[in-house]
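The file input-v7.tsv contains TSV, C-alpha atoms:
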```tsv
chain	number	residue	atom	x	y	z
L	25	MET	CA	71.15	213.70	9.72
L	26	THR	CA	68.73	210.83	10.20
L	27	ILE	CA	65.93	209.86	12.56
L	28	ARG	CA	66.39	206.30	13.75
L	29	LEU	CA	65.45	203.98	16.58
L	30	TYR	CA	67.27	204.29	19.89
L	31	GLN	CA	70.48	202.28	20.41
L	32	ALA	CA	72.23	201.42	23.66
L	33	GLN	CA	75.07	203.87	22.97
L	34	ASP	CA	72.53	206.74	22.99
L	35	LEU	CA	71.75	206.28	26.69
L	36	ALA	CA	73.88	209.05	28.20
L	37	ALA	CA	72.80	211.60	25.58
L	38	VAL	CA	69.04	210.98	25.87
L	39	VAL	CA	69.16	211.06	29.69
L	40	ARG	CA	71.07	214.34	29.60
L	41	LEU	CA	68.47	215.81	27.21
L	42	SER	CA	65.63	214.63	29.40
L	43	ALA	CA	67.11	215.91	32.64
L	44	ALA	CA	67.81	219.35	31.17
L	45	CYS	CA	64.26	219.65	29.86
L	46	ALA	CA	62.69	218.50	33.14
L	47	ARG	CA	64.53	221.24	35.04
L	48	ALA	CA	63.83	224.09	32.62
L	49	GLU	CA	60.68	226.14	33.11
L	50	ALA	CA	60.14	227.14	29.47
L	51	ASP	CA	61.20	223.76	28.02
L	52	PHE	CA	59.30	221.49	30.40
L	53	VAL	CA	57.52	218.39	29.12
L	54	LEU	CA	56.14	215.70	31.42
L	55	ASN	CA	57.62	212.87	29.34
L	56	PRO	CA	60.48	212.12	29.11
L	57	MET	CA	61.42	212.88	32.71
L	58	TRP	CA	64.46	210.71	33.42
L	59	GLU	CA	67.15	212.31	35.56
L	60	THR	CA	69.46	209.28	35.67
L	61	GLU	CA	70.27	206.27	33.53
L	62	GLU	CA	68.74	204.05	36.21
L	63	GLU	CA	65.44	205.93	35.88
L	64	PHE	CA	65.52	205.47	32.11
L	65	HIS	CA	65.85	201.70	32.41
L	66	ALA	CA	63.26	201.45	35.20
L	67	GLU	CA	60.71	203.38	33.13
L	68	PHE	CA	60.76	200.87	30.30
L	69	GLU	CA	61.09	197.82	32.54
L	70	ARG	CA	57.94	198.64	34.49
L	71	HIS	CA	55.95	198.83	31.24
L	72	ALA	CA	57.56	195.63	29.91
L	73	ILE	CA	58.63	197.34	26.67
L	74	GLN	CA	61.96	197.94	24.94
L	75	PRO	CA	63.39	201.43	24.32
L	76	HIS	CA	64.82	200.38	20.95
L	77	GLU	CA	61.24	199.73	19.79
L	78	HIS	CA	59.56	202.85	21.23
L	79	LEU	CA	62.14	205.65	21.22
L	80	LEU	CA	63.42	207.60	18.21
L	81	VAL	CA	66.49	209.85	18.11
L	82	LYS	CA	67.77	212.47	15.71
L	83	ASP	CA	71.30	211.40	14.77
L	84	ALA	CA	73.66	214.08	13.43
L	85	GLY	CA	76.15	211.41	12.42
L	86	GLU	CA	78.68	209.32	14.33
L	87	GLY	CA	76.10	208.77	17.06
L	88	GLU	CA	75.62	212.43	18.03
L	89	VAL	CA	72.05	212.73	19.35
L	90	LEU	CA	70.34	216.09	18.73
L	91	GLY	CA	66.81	215.20	19.84
L	92	LEU	CA	64.31	212.48	20.62
L	93	SER	CA	60.65	211.49	20.53
L	94	GLY	CA	58.64	208.31	21.00
L	95	PHE	CA	56.09	206.60	23.22
L	96	LEU	CA	55.61	204.99	26.59
L	97	ARG	CA	52.84	202.42	26.96
L	98	PRO	CA	52.00	199.25	28.81
L	99	TYR	CA	52.98	196.24	26.72
L	100	GLY	CA	50.48	195.68	23.91
L	101	ALA	CA	48.32	198.72	24.70
L	102	HIS	CA	46.82	200.78	21.88
L	103	ALA	CA	47.00	204.04	23.84
L	104	ALA	CA	50.31	205.59	24.88
L	105	GLY	CA	51.91	208.61	26.43
L	106	MET	CA	54.17	210.46	24.04
L	107	PHE	CA	57.76	211.40	24.65
L	108	CYS	CA	57.33	214.94	23.37
L	109	PRO	CA	60.03	216.02	20.93
L	110	ILE	CA	62.95	217.64	22.72
L	111	VAL	CA	65.94	219.08	20.89
L	112	GLU	CA	69.39	220.27	21.92
L	113	ARG	CA	69.17	223.98	22.69
L	114	GLY	CA	71.73	224.97	20.04
L	115	GLU	CA	69.82	223.09	17.32
L	116	ARG	CA	66.41	224.68	17.87
L	117	GLY	CA	64.69	226.81	15.27
L	118	ARG	CA	65.67	224.47	12.44
L	119	GLY	CA	62.52	222.36	12.32
L	120	LEU	CA	63.97	219.34	14.11
L	121	GLY	CA	61.11	219.22	16.62
L	122	GLY	CA	58.56	218.99	13.83
L	123	GLU	CA	60.54	216.27	12.09
L	124	LEU	CA	60.76	214.25	15.28
L	125	LEU	CA	57.05	214.69	16.02
L	126	ARG	CA	55.98	213.57	12.55
L	127	ALA	CA	58.37	210.62	12.62
L	128	GLY	CA	57.14	209.64	16.06
L	129	LEU	CA	53.48	209.77	15.12
L	130	ASP	CA	54.12	207.75	11.98
L	131	HIS	CA	56.09	205.17	13.98
L	132	GLY	CA	53.33	204.90	16.56
L	133	LEU	CA	50.64	204.37	13.93
L	134	ARG	CA	52.50	202.10	11.53
L	135	ASN	CA	54.80	200.09	13.74
L	136	LEU	CA	53.27	200.13	17.21
L	137	GLY	CA	49.60	199.95	16.32
L	138	LEU	CA	48.66	202.93	18.47
L	139	GLU	CA	45.20	204.48	18.25
L	140	LEU	CA	45.46	207.28	20.81
L	141	THR	CA	48.33	209.24	22.32
L	142	THR	CA	48.55	211.86	25.07
L	143	ALA	CA	51.26	214.42	25.78
L	144	GLY	CA	52.01	216.60	28.81
L	145	ILE	CA	53.68	219.95	28.26
L	146	GLY	CA	54.35	222.92	30.53
L	147	THR	CA	52.12	225.95	30.06
L	148	ARG	CA	55.22	228.12	29.57
L	149	ASN	CA	56.47	225.93	26.74
L	150	ARG	CA	54.60	227.88	24.09
L	151	ALA	CA	56.67	226.61	21.18
L	152	GLY	CA	56.04	223.00	22.17
L	153	TYR	CA	52.32	223.63	22.67
L	154	SER	CA	52.05	225.26	19.25
L	155	LEU	CA	53.91	222.37	17.63
L	156	LEU	CA	51.56	219.77	19.13
L	157	THR	CA	48.34	221.63	18.30
L	158	ALA	CA	49.56	222.26	14.74
L	159	HIS	CA	49.77	218.48	14.35
L	160	GLY	CA	46.28	217.76	15.59
L	161	PHE	CA	46.66	217.48	19.36
L	162	ARG	CA	43.89	219.05	21.44
L	163	SER	CA	44.03	220.18	25.05
L	164	VAL	CA	41.86	218.09	27.38
L	165	ARG	CA	42.87	219.09	30.93
L	166	GLN	CA	45.51	220.68	33.14
L	167	HIS	CA	47.47	219.36	36.11
L	168	PHE	CA	49.86	220.63	38.72
L	169	LEU	CA	53.08	218.70	39.10
L	170	MET	CA	53.77	218.78	42.83
L	171	ARG	CA	56.97	217.74	44.57
L	172	CYS	CA	58.03	217.02	48.15
L	173	ASP	CA	61.78	217.20	48.84
L	174	ALA	CA	61.87	216.60	52.59
L	175	LYS	CA	60.52	213.90	54.85
L	176	PRO	CA	57.05	214.95	56.03
L	177	ALA	CA	56.80	215.71	59.70
L	178	ASP	CA	54.75	213.47	61.94
L	179	GLY	CA	51.32	214.97	62.37
L	180	ARG	CA	48.47	214.36	64.74
L	181	ALA	CA	46.06	211.65	63.57
L	182	PRO	CA	42.84	213.32	62.34
L	183	LEU	CA	40.66	210.68	64.02
L	184	ALA	CA	40.88	208.80	67.27
L	185	LYS	CA	41.75	205.13	66.88
L	186	LEU	CA	43.22	205.68	63.39
L	187	GLU	CA	46.15	203.35	62.71
L	188	LEU	CA	48.55	203.68	59.75
L	189	ALA	CA	50.62	200.75	58.51
L	190	PRO	CA	52.11	199.04	55.45
L	191	ALA	CA	49.50	197.00	53.60
L	192	GLN	CA	49.50	193.24	53.99
L	193	PRO	CA	48.56	190.63	51.35
L	194	ASP	CA	45.24	189.98	53.08
L	195	ASP	CA	44.36	193.68	52.60
L	196	VAL	CA	44.33	193.50	48.80
L	197	PRO	CA	40.61	192.67	48.36
L	198	VAL	CA	39.54	195.62	50.53
L	199	ILE	CA	42.09	197.94	48.84
L	200	HIS	CA	40.57	196.88	45.50
L	201	GLU	CA	37.06	197.59	46.79
L	202	ILE	CA	38.00	201.12	47.89
L	203	TYR	CA	39.96	201.68	44.67
L	204	GLU	CA	36.93	200.82	42.54
L	205	SER	CA	34.60	202.94	44.69
L	206	CYS	CA	36.77	206.01	44.02
L	207	GLY	CA	36.23	205.83	40.25
L	208	PHE	CA	39.86	205.24	39.26
L	209	GLN	CA	40.66	203.45	36.01
L	210	HIS	CA	39.16	199.98	36.30
L	211	ARG	CA	41.29	197.13	37.55
L	212	THR	CA	40.33	193.51	38.00
L	213	PRO	CA	41.09	191.83	41.33
L	214	GLU	CA	43.89	189.97	39.54
L	215	GLU	CA	45.38	193.21	38.22
L	216	MET	CA	45.29	194.72	41.70
L	217	GLN	CA	47.08	191.68	43.09
L	218	THR	CA	49.74	191.97	40.38
L	219	VAL	CA	50.34	195.64	41.17
L	220	PHE	CA	50.53	194.88	44.88
L	221	SER	CA	53.18	192.20	44.44
L	222	ASP	CA	55.25	193.42	41.46
L	223	GLY	CA	57.98	195.08	43.55
L	224	ARG	CA	57.47	198.47	41.89
L	225	HIS	CA	54.73	199.76	44.16
L	226	ALA	CA	54.30	200.43	47.87
L	227	HIS	CA	50.88	200.29	49.50
L	228	THR	CA	49.92	201.65	52.91
L	229	VAL	CA	46.59	201.52	54.68
L	230	ALA	CA	44.64	203.30	57.39
L	231	ARG	CA	42.46	201.40	59.81
L	232	HIS	CA	39.79	203.05	61.91
L	233	GLU	CA	38.57	201.03	64.87
L	234	GLY	CA	40.14	198.00	63.19
L	235	ALA	CA	38.45	198.39	59.79
L	236	LEU	CA	40.47	199.27	56.69
L	237	VAL	CA	39.20	202.68	55.52
L	238	ALA	CA	41.89	204.11	53.22
L	239	PHE	CA	44.95	203.22	51.16
L	240	THR	CA	47.78	204.83	49.23
L	241	GLU	CA	49.63	203.43	46.25
L	242	LEU	CA	53.11	204.78	45.52
L	243	GLU	CA	55.09	203.96	42.39
L	244	THR	CA	58.61	203.11	43.50
L	245	HIS	CA	60.22	202.07	40.21
L	246	TRP	CA	62.34	205.22	40.66
L	247	PRO	CA	63.53	204.58	44.23
L	248	LYS	CA	64.90	208.09	44.73
L	249	ARG	CA	61.79	209.82	43.33
L	250	ASN	CA	58.53	208.07	44.20
L	251	TRP	CA	55.19	208.93	42.60
L	252	VAL	CA	51.99	209.15	44.62
L	253	ALA	CA	49.73	207.26	42.22
L	254	PHE	CA	46.44	206.70	44.06
L	255	VAL	CA	44.87	207.70	47.36
L	256	GLY	CA	41.52	206.14	48.22
L	257	VAL	CA	39.32	206.78	51.24
L	258	ARG	CA	35.93	205.31	52.10
L	259	LYS	CA	33.17	207.78	51.27
L	260	GLU	CA	32.00	208.29	54.84
L	261	LEU	CA	35.49	209.40	55.96
L	262	ARG	CA	36.45	211.68	53.09
L	263	ASP	CA	37.37	215.35	53.71
L	264	ARG	CA	38.40	214.58	57.28
L	265	GLY	CA	42.17	214.50	56.78
L	266	VAL	CA	42.51	210.73	56.56
L	267	GLY	CA	43.96	210.71	53.05
L	268	SER	CA	46.54	213.46	53.60
L	269	SER	CA	47.56	211.91	56.93
L	270	LEU	CA	48.11	208.56	55.21
L	271	VAL	CA	50.04	210.14	52.32
L	272	SER	CA	52.29	211.95	54.79
L	273	TRP	CA	52.98	208.71	56.63
L	274	ALA	CA	53.53	206.69	53.44
L	275	VAL	CA	55.94	209.24	51.93
L	276	ALA	CA	57.85	209.47	55.23
L	277	GLN	CA	58.35	205.71	55.18
L	278	GLN	CA	59.87	205.93	51.70
L	279	PHE	CA	62.22	208.71	52.79
L	280	GLU	CA	63.42	206.43	55.57
L	281	LEU	CA	64.12	203.78	52.91
L	282	GLY	CA	66.27	206.20	50.88
L	283	ALA	CA	63.89	208.25	48.75
L	284	GLU	CA	64.93	211.87	48.22
L	285	SER	CA	61.66	213.27	46.85
L	286	ALA	CA	58.09	212.40	45.98
L	287	LEU	CA	55.97	213.57	43.05
L	288	LEU	CA	52.28	213.69	42.26
L	289	MET	CA	49.88	215.17	39.69
L	290	LEU	CA	46.72	216.97	40.68
L	291	SER	CA	44.00	219.02	38.99
L	292	PRO	CA	44.19	222.75	39.86
L	293	ALA	CA	40.41	222.64	40.25
L	294	ASN	CA	40.76	220.34	43.27
L	295	ARG	CA	41.71	223.16	45.62
L	296	THR	CA	40.96	221.21	48.77
L	297	ALA	CA	43.39	218.47	47.76
L	298	VAL	CA	46.03	221.01	46.67
L	299	ARG	CA	45.93	222.65	50.10
L	300	ALA	CA	46.01	219.26	51.83
L	301	TYR	CA	49.11	218.15	49.93
L	302	GLU	CA	50.79	221.49	50.57
L	303	LYS	CA	50.31	220.88	54.29
L	304	VAL	CA	52.03	217.51	53.85
L	305	GLY	CA	55.04	219.28	52.30
L	306	PHE	CA	54.37	219.16	48.56
L	307	ARG	CA	54.88	222.32	46.52
L	308	ARG	CA	53.64	223.23	43.07
L	309	VAL	CA	56.56	223.15	40.62
L	310	ARG	CA	54.84	223.12	37.21
L	311	LEU	CA	51.44	223.69	35.65
L	312	PHE	CA	51.12	221.63	32.51
L	313	ASP	CA	48.55	220.89	29.80
L	314	VAL	CA	47.54	217.38	28.82
L	315	LEU	CA	46.82	217.06	25.11
L	316	GLU	CA	45.63	214.08	23.12
L	317	LYS	CA	45.47	212.97	19.50
L	318	VAL	CA	43.67	210.13	17.78
L	319	LEU	CA	46.04	208.41	15.34
```
Could I get this file's structure written as structure tokens?
Amino acid sequence: MTIRLYQAQDLAAVVRLSAACARAEADFVLNPMWETEEEFHAEFERHAIQPHEHLLVKDAGEGEVLGLSGFLRPYGAHAAGMFCPIVERGERGRGLGGELLRAGLDHGLRNLGLELTTAGIGTRNRAGYSLLTAHGFRSVRQHFLMRCDAKPADGRAPLAKLELAPAQPDDVPVIHEIYESCGFQHRTPEEMQTVFSDGRHAHTVARHEGALVAFTELETHWPKRNWVAFVGVRKELRDRGVGSSLVSWAVAQQFELGAESALLMLSPANRTAVRAYEKVGFRRVRLFDVLEKVL
């Protein structure tokens, strides 16, 4: 058996492994999380990287894939999310996960130039958690993975004269202003414009008395399963239902375009937001730990 870089003929096997792990409570890892071959391709395309450079597989011979590990990162970045080692159920307990983890970390350091990696793993996946911490990962935070599987119902606007609509190109500077005021990871105006126009995101806005006061950014690279990436509201209108109302509207629009579910990540400590998203129709499906390691 060998550990080697991914090849095109491995596609069906790695997607099947990923889908099985994403659905299992005790085996859950946040990455990989592909449920279809289309999602696999879209994941790498949106980061402008190649799977045969970032994904490793455990080959039993004649192309039989027993497990995988690797990294997902924006092109050229020195920090990456890790595809946690996942192994075929019948092959567990033989040390394959450890082999894949060590090979992945070595590949990231030597061949990809990575300096920092993070991993997300379900709190019930005790074996996976132990494996990561034994190799130097440390827990830094927890998140809920929340999922909405039905089109949100139309709700009453929380404020009079609040209008919800798809964002327009002229809205980008104000969206960027609100984005930066919320303390999200810094983006330049040019980066915000790129995200707005790249075809893999959907932006919606709320206007109150004609002024743009809130936005949502959805990742739509997986058309059937959108991610709620960012929700920003002007400070003076926060905690008044504007954000959740806009999320509900934005997700409903995507369902009308063919989406079948929506996903988001949220800190358990943010109880107000958890309750707000539950009212929209999201439910908590996993609690997972985020761990990181300096390479």
| Gly282 of chain L environment, 12 Å, all atoms listed in the file, sequence neighbours closer than 5 positions dropped, as a ChimeraX atom specification | /L:174-175,244,246-250,275-277
With the cut-off set at 10 Å and counting all atoms listed in the file, tabulate each residue of segment 86-123 of chain L with an atom at most that distance from an atom of segment 156-162 of chain L, showing the nearest atom pair and its distance in Å to one decimal, ordered by chain and increasing number, as CSV.
```
residue,atom,partner,partner_atom,distance
L:Cys108,CA,L:Leu156,CA,8.6
L:Pro109,CA,L:Leu156,CA,9.4
L:Gly121,CA,L:Leu156,CA,9.9
L:Gly122,CA,L:Leu156,CA,8.8
```
How about saving the chosen residues, C-alpha atoms kept, as an mmCIF file, in the coordinates of the input?
```cif
data_model
loop_
_atom_site.group_PDB
_atom_site.id
_atom_site.type_symbol
_atom_site.label_atom_id
_atom_site.label_comp_id
_atom_site.auth_asym_id
_atom_site.auth_seq_id
_atom_site.Cartn_x
_atom_site.Cartn_y
_atom_site.Cartn_z
ATOM 1 C CA CYS L 108 57.330 214.940 23.370
ATOM 2 C CA PRO L 109 60.030 216.020 20.930
ATOM 3 C CA GLY L 121 61.110 219.220 16.620
ATOM 4 C CA GLY L 122 58.560 218.990 13.830
#
```
| Atom-to-atom span, atom CA of Val111 of chain L and atom CA of Ala151 of chain L, Å |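 Result for atom CA of Val111 of chain L versus atom CA of Ala151 of chain L: 11.9 Å, one decimal.
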| task | Please provide the set of residues having any atom within 9 Å of segment 293-298 of chain L, restricted to all atoms listed in the file, with same-chain residues fewer than 6 positions apart removed, written as an NGL selection string. | result | :L and (166-168 or 170 or 263 or 268 or 306-308)
Pull C-alpha atoms from the residues just selected and write them as a PDB file, in the coordinates of the input.
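What landed in out22.pdb:
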```
ATOM      1  CA  GLN L 166      45.510 220.680  33.140  1.00  0.00           C
ATOM      2  CA  HIS L 167      47.470 219.360  36.110  1.00  0.00           C
ATOM      3  CA  PHE L 168      49.860 220.630  38.720  1.00  0.00           C
ATOM      4  CA  MET L 170      53.770 218.780  42.830  1.00  0.00           C
ATOM      5  CA  ASP L 263      37.370 215.350  53.710  1.00  0.00           C
ATOM      6  CA  SER L 268      46.540 213.460  53.600  1.00  0.00           C
ATOM      7  CA  PHE L 306      54.370 219.160  48.560  1.00  0.00           C
ATOM      8  CA  ARG L 307      54.880 222.320  46.520  1.00  0.00           C
ATOM      9  CA  ARG L 308      53.640 223.230  43.070  1.00  0.00           C
TER      10      ARG L 308
END
```
| task | Fewer than 5 positions away in the same chain doesn't count, so skip those; otherwise give me all residues within 9 Å of Phe220 of chain L, counting all atoms listed in the file, as JSON, numbers by chain. | result | {"L": [193, 196, 215, 225, 226, 227, 241]}
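If you measure from each of L:Ala191, L:Leu183, L:Ala84, L:Ala66 to Leu261 of chain L using all atoms listed in the file, the closest one turns out to be L:Leu183.
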| message | I'd like to know which of L:His65, L:Arg231, L:His102, L:His200 is closest to Thr212 of chain L, using all atoms listed in the file. | response | L:His200
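Distance annotation: of L:His210, L:Arg180, L:Arg97, L:Arg299, the residue with the minimal separation from Ser269 of chain L is L:Arg180; atom set is all atoms listed in the file.
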| task | Counting all atoms listed in the file, figure out which residue out of L:Pro98, L:Glu63, L:Leu140, L:Arg165 gets nearest to Leu315 of chain L. | result |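 Looking only at the distances to Leu315 of chain L, the closest residue turns out to be L:Arg165.
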